[in-house]
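See below for the structure under consideration.
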Amino acid sequence: MKNRSIKALSPVIVSCVSLAMLLSACGSSTNSSSPSPAASSAPASPAASTAAASPAATELKPYEITWYLPQSVFPDAKLVQDAMSKITKEKINATLNIQLVDWGTYDQKMQAIAASGEKADLIFTSNWTNDYLQNVNKGAFLDITELLPKYGPDILKQVPPSAWDAAKVKGKLYGIINTQVLARTPGVLINKTSLDKYGFKADQFKTLADLTPFFEKVKASEPDKYPFSLKGDTDVMGNYGSAIGLEYFSQKNPGVVRIDDASSKVVNLYETREFTAFLKQMREWYSKGIIRKDAATIKDTNSDELAGKYVSSTFTVINPDTAANQAQKFGGGDAANVAAIEFSKPYMSTGSIIATMTAISRTSKDPARAMMFYNLMYSNAELFNLMSYGIEGKHYTKVSDGLIKKMDNAGYWVDSGWEYGNMFNSYRTSATQPKWFPAGPDKNAAAIPSNILGFSFDPSNVKSELAQTASVVDEFYAGLITGIADPDTTLPVMNAKLKKAGLDNILAEMQKQIDAWKASK
C-alpha cells in the first residue's frame, strides 16, 4: 500500500464497504468551543480558502492536536514537528503532537487507544490497517458529515465529490479521503542492476510465473539476498487482486466479485480458482526459497529493504512516484535503477478509495480544530512538504523548482504523502519522476471502473458472522499468502471453518444488496 499519489481530476463514482452505523451519540461530534463558520464556495486561492475554513487564530484558544499514523521513527521528528507547529500556531492557534507508530505495531496500538479512551485527534485508517469500517462500527470515529464542509473546504475542493460515497456508512461520513491516485495498478518493483546481471528485461514479465526463472537465478547466485519481499500481513487483494480479476470488499471479508462478471455474483475468495492459483504460486516460491522462511511472522522488512537485501518489492501499487519513492530500497538510491512491473491496467473500486484515509477520534477535545489543521494539509504546500521531507538545508536541498534531493544522513524523511493530505502539494524527489500533472490524472483516466461502483454494503444483518469469519481469516491468512501453508490441504480446512462461522449468510446478504442496488439503477 505504500505507493499511492495524486488525486483524480475525472469524476469518480465509488462504492462503500460499510459496517454498522456509528452510535447516534457521535452526532454531537461537531460541537466545539470554536465558532463554526458556514461552508463557502470553492475558494480562488489557498490563502482565501484557509480564511474561509476557520476563524482567525486570535479567536481560538490554544490547542494541541494529537495525530497518529503508521511510519518509521526518525531522530529529527520533534524538530520537524516544531517547525510545522509554527505554521499551525499562526494559522489556527494549534500546536502538533505527531505520533509516528511503527508499521508492525500500528494496528495493535490504535486498538489499545480506542479501548482506553486516550485523547487523540487525527488517526490514519484504511481497509488494511486500523480498519476503517470496524472502527466506525465500534464508535471509535466521529461523524464528520457536517464538520467537513464547515472546516474543510480545501479538502472538498481537492477530492472529487462523488468519491466521498466510498467513505460513507449509511449516508454518514467518518473519514477524510487522502488525495492520491484513485485507481490502482498492481505490480512489483525490481532492481534493474539485478535484471541486467542475470540477462532479464522488465518488459518480459507479464505474470507472476514469468518472474520465477529470474528469482531462481538470484537465489542460486546470491544466497545472502531475498529475491522477493513478502510478509504475513500484506494486503494481497488490495495491491494485487485486480491482476487476477477479483474485487474484494475488505481484507477480513471473504466475499469477492469477479471483475468481468456483469452479474456481480458474490463468491468466496478462498474457493476461487484465481486465488487458489495465486496461493499455489506463493507456495512454489516459498518451497524454492524465493520467499524467506519467516515471512509469515516477520513484522518489518523495511530495514532489510533499505540495506539492499531484497531484489524486488512485495505486491504494490504502481503510481507516477513509485520508483522515486522506493529508490533507496530497490534501486540503490537511484530511481532510474528501479523497474516498475505492471500486471494489469489501473482499476478503480471502493477499496482503492478507502485504502488511505484520516479519521477524527471520538476522544478528540476539539474536532473542529483537528479538521482545520487537516484542511491546511491540503492548502498549505509548505506544511505538507515539511511533514514529508523535513527542513530545507537540513534534510534536503532544492535542485530546481519542485525537485529536491535528500541530504546524506538526513534525520528525517517520511516521504509517504499518500498517507496524509494532498499529494498535489508534494515535491518530486527524482528527475525521472514525472510531474503530478498530467501523470496522475492520466492514471485515473485509464482506469477500468468496477461494475459495482456506487454500491454500499450494509453489514448490519451479518455483523456477528463477519466477526467470526474475520477470526478464521486471521488464523490462516499469513501462512497461506506467504506459501508456508500448502493450499491443497489448508484451504479445505479453512473453508469448512468459514462456513461454520456463517460465510454463506454473508455471501447471501451481500448478493441480496447488490441485486437490489442494481435494480434501483
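Following the order of the C-alpha cells, first chain is A, next is B, and so on, with residues numbered from 1 inside each chain and ligands from 1 in the order they appear.
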Per-residue nearest contacts stretch 234-329 of chain A to stretch 445-462 of chain A, cut-off 12 Å, using only C-alpha atoms, as JSON lines:
```
{"residue": "A:Ser242", "atom": "CA", "partner": "A:Ile448", "partner_atom": "CA", "distance": 9.8}
{"residue": "A:Ala243", "atom": "CA", "partner": "A:Ile448", "partner_atom": "CA", "distance": 11.7}
{"residue": "A:Gly245", "atom": "CA", "partner": "A:Ser450", "partner_atom": "CA", "distance": 10.9}
{"residue": "A:Leu246", "atom": "CA", "partner": "A:Ser450", "partner_atom": "CA", "distance": 10.3}
{"residue": "A:Glu247", "atom": "CA", "partner": "A:Ser450", "partner_atom": "CA", "distance": 8.1}
{"residue": "A:Tyr248", "atom": "CA", "partner": "A:Ser450", "partner_atom": "CA", "distance": 10.8}
{"residue": "A:Phe249", "atom": "CA", "partner": "A:Phe457", "partner_atom": "CA", "distance": 8.7}
{"residue": "A:Ser250", "atom": "CA", "partner": "A:Phe457", "partner_atom": "CA", "distance": 10.8}
{"residue": "A:Asn253", "atom": "CA", "partner": "A:Pro459", "partner_atom": "CA", "distance": 10.5}
{"residue": "A:Gly255", "atom": "CA", "partner": "A:Phe457", "partner_atom": "CA", "distance": 11.2}
{"residue": "A:Val256", "atom": "CA", "partner": "A:Ile452", "partner_atom": "CA", "distance": 11.5}
{"residue": "A:Val257", "atom": "CA", "partner": "A:Ile452", "partner_atom": "CA", "distance": 9.4}
{"residue": "A:Arg258", "atom": "CA", "partner": "A:Asn451", "partner_atom": "CA", "distance": 9.4}
{"residue": "A:Ile259", "atom": "CA", "partner": "A:Ser450", "partner_atom": "CA", "distance": 6.8}
{"residue": "A:Asp260", "atom": "CA", "partner": "A:Asn451", "partner_atom": "CA", "distance": 8.3}
{"residue": "A:Asp261", "atom": "CA", "partner": "A:Asn451", "partner_atom": "CA", "distance": 8.2}
{"residue": "A:Ala262", "atom": "CA", "partner": "A:Asn451", "partner_atom": "CA", "distance": 6.8}
{"residue": "A:Ser263", "atom": "CA", "partner": "A:Asn451", "partner_atom": "CA", "distance": 8.7}
{"residue": "A:Ser264", "atom": "CA", "partner": "A:Asn451", "partner_atom": "CA", "distance": 7.3}
{"residue": "A:Lys265", "atom": "CA", "partner": "A:Ile452", "partner_atom": "CA", "distance": 10.9}
{"residue": "A:Val266", "atom": "CA", "partner": "A:Ile452", "partner_atom": "CA", "distance": 11.5}
```
> Which residues, written as a count of residues only, have at least one atom at most 12 Å from A:Asn127, with only C-alpha atoms counted and residues fewer than 3 positions away on the same chain left out?
Replying inline: 38
>> Taking only stretch 159-198 of chain A into account, list the residues labelled helix (DSSP H, G or I) by DSSP (computed from the backbone), as a ChimeraX atom specification.
In response: /A:161-167,192-197
Put those residues in a file: N, CA, C and O atoms, as a JSON list (two decimals), in the first residue's frame.
```
[["chain", "number", "residue", "atom", "x", "y", "z"],
["A", 161, "PRO", "N", -16.18, 15.13, -5.78],
["A", 161, "PRO", "CA", -17.37, 14.99, -4.94],
["A", 161, "PRO", "C", -17.91, 13.57, -4.84],
["A", 161, "PRO", "O", -18.27, 13.11, -3.76],
["A", 162, "SER", "N", -17.94, 12.87, -5.97],
["A", 162, "SER", "CA", -18.53, 11.54, -5.96],
["A", 162, "SER", "C", -17.67, 10.52, -5.23],
["A", 162, "SER", "O", -18.14, 9.44, -4.87],
["A", 163, "ALA", "N", -16.40, 10.84, -5.00],
["A", 163, "ALA", "CA", -15.52, 9.90, -4.31],
["A", 163, "ALA", "C", -15.92, 9.68, -2.86],
["A", 163, "ALA", "O", -15.62, 8.65, -2.26],
["A", 164, "TRP", "N", -16.62, 10.64, -2.29],
["A", 164, "TRP", "CA", -16.97, 10.54, -0.86],
["A", 164, "TRP", "C", -17.93, 9.40, -0.57],
["A", 164, "TRP", "O", -18.01, 8.94, 0.57],
["A", 165, "ASP", "N", -18.65, 8.93, -1.57],
["A", 165, "ASP", "CA", -19.56, 7.81, -1.35],
["A", 165, "ASP", "C", -18.82, 6.59, -0.82],
["A", 165, "ASP", "O", -19.38, 5.78, -0.09],
["A", 166, "ALA", "N", -17.55, 6.46, -1.18],
["A", 166, "ALA", "CA", -16.78, 5.28, -0.76],
["A", 166, "ALA", "C", -16.56, 5.25, 0.74],
["A", 166, "ALA", "O", -16.39, 4.19, 1.33],
["A", 167, "ALA", "N", -16.52, 6.43, 1.36],
["A", 167, "ALA", "CA", -16.21, 6.50, 2.79],
["A", 167, "ALA", "C", -17.46, 6.63, 3.66],
["A", 167, "ALA", "O", -17.35, 6.69, 4.89],
["A", 192, "LYS", "N", 17.01, -2.87, -11.34],
["A", 192, "LYS", "CA", 17.43, -3.05, -12.74],
["A", 192, "LYS", "C", 18.83, -3.64, -12.87],
["A", 192, "LYS", "O", 19.11, -4.37, -13.83],
["A", 193, "THR", "N", 19.68, -3.32, -11.91],
["A", 193, "THR", "CA", 21.03, -3.88, -11.96],
["A", 193, "THR", "C", 20.98, -5.40, -11.90],
["A", 193, "THR", "O", 21.72, -6.10, -12.61],
["A", 194, "SER", "N", 20.09, -5.92, -11.07],
["A", 194, "SER", "CA", 19.93, -7.37, -10.96],
["A", 194, "SER", "C", 19.35, -7.95, -12.25],
["A", 194, "SER", "O", 19.76, -9.03, -12.68],
["A", 195, "LEU", "N", 18.41, -7.25, -12.85],
["A", 195, "LEU", "CA", 17.85, -7.72, -14.11],
["A", 195, "LEU", "C", 18.94, -7.84, -15.17],
["A", 195, "LEU", "O", 19.05, -8.86, -15.87],
["A", 196, "ASP", "N", 19.76, -6.80, -15.27],
["A", 196, "ASP", "CA", 20.84, -6.82, -16.25],
["A", 196, "ASP", "C", 21.86, -7.92, -15.95],
["A", 196, "ASP", "O", 22.35, -8.60, -16.86],
["A", 197, "LYS", "N", 22.15, -8.10, -14.68],
["A", 197, "LYS", "CA", 23.15, -9.08, -14.26],
["A", 197, "LYS", "C", 22.77, -10.49, -14.70],
["A", 197, "LYS", "O", 23.64, -11.29, -15.10]]
```
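Near A:Gly483, within a cut-off of 7 Å and counting only C-alpha atoms, sit the residues Leu279, Met282, Arg283 and Tyr286 of chain A, with same-chain residues fewer than 6 positions away left out.
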Export C-alpha atoms of the chosen residues as a PDB file, in the first residue's frame?
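Dumped to again-v7.pdb:
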```pdb
ATOM      1  CA  LEU A 279      -1.566 -19.249  -3.388  1.00  0.00           C
ATOM      2  CA  MET A 282       3.402 -18.440  -3.454  1.00  0.00           C
ATOM      3  CA  ARG A 283       3.780 -21.993  -2.192  1.00  0.00           C
ATOM      4  CA  TYR A 286       8.390 -20.459  -0.663  1.00  0.00           C
TER       5      TYR A 286
END
```
> Which residue gives the smallest distance to A:Leu156 among A:Ile87, A:Ala112, A:Met371, A:Ala140, with only C-alpha atoms counted?
Replying inline: A:Met371
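The list of residues with at least one atom within 10 Å of A:Glu271, based on only C-alpha atoms and without residues fewer than 5 positions apart in the same chain, reads Pro254, Thr276, Leu491, Pro492, Met494 and Asn495 of chain A.
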>> Give me, as a count of residues only, all polymer residues having an atom no more than 10 Å from stretch 418-425 of chain A, counting only C-alpha atoms and skipping those fewer than 3 positions away in the same chain.
In response: 48
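Each of A:Pro153, A:Pro75, A:Gly187, A:Gly232 was compared to A:Val473 using only C-alpha atoms, and A:Gly232 turns out to be the nearest.
Note that atom CA of A:Ser430 and atom CA of A:Val218 are 27.4 Å apart.
For the residues A:Tyr174, A:Trp285, A:Tyr427, A:Phe275, ranking by smallest atom-to-atom distance to A:Ser400 using only C-alpha atoms places A:Tyr427 first.
Using only C-alpha atoms, the smallest distance between any of A:Ala368, A:Ile298, A:Leu403, A:Leu269 and A:Leu507 comes from A:Leu269.
Those residues that approach A:Gly411 to within 10 Å, counting only C-alpha atoms, are Val73, Phe74, Pro75, Asp76, Ala77, Leu79, Val80, Gly390, Lys394, His395, Met407, Asp408, Asn409, Trp413 and Val414 of chain A; same-chain residues fewer than 2 positions away are not listed.
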> Neighbours of A:Arg184 within 6 Å (only C-alpha atoms; same-chain residues fewer than 4 positions away dropped), as a ChimeraX atom specification?
Replying inline: /A:317,346-347
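Of the residues listed (A:Asp321, A:Lys168, A:Ala340, A:Asp203), A:Asp321 shows the shortest atom-to-atom separation from A:Ala439; distances use only C-alpha atoms.
Distances here use only C-alpha atoms; by that measure, the residue among A:Gly502, A:Pro223, A:Gly308, A:Pro487 closest to A:Ala277 is A:Pro487.
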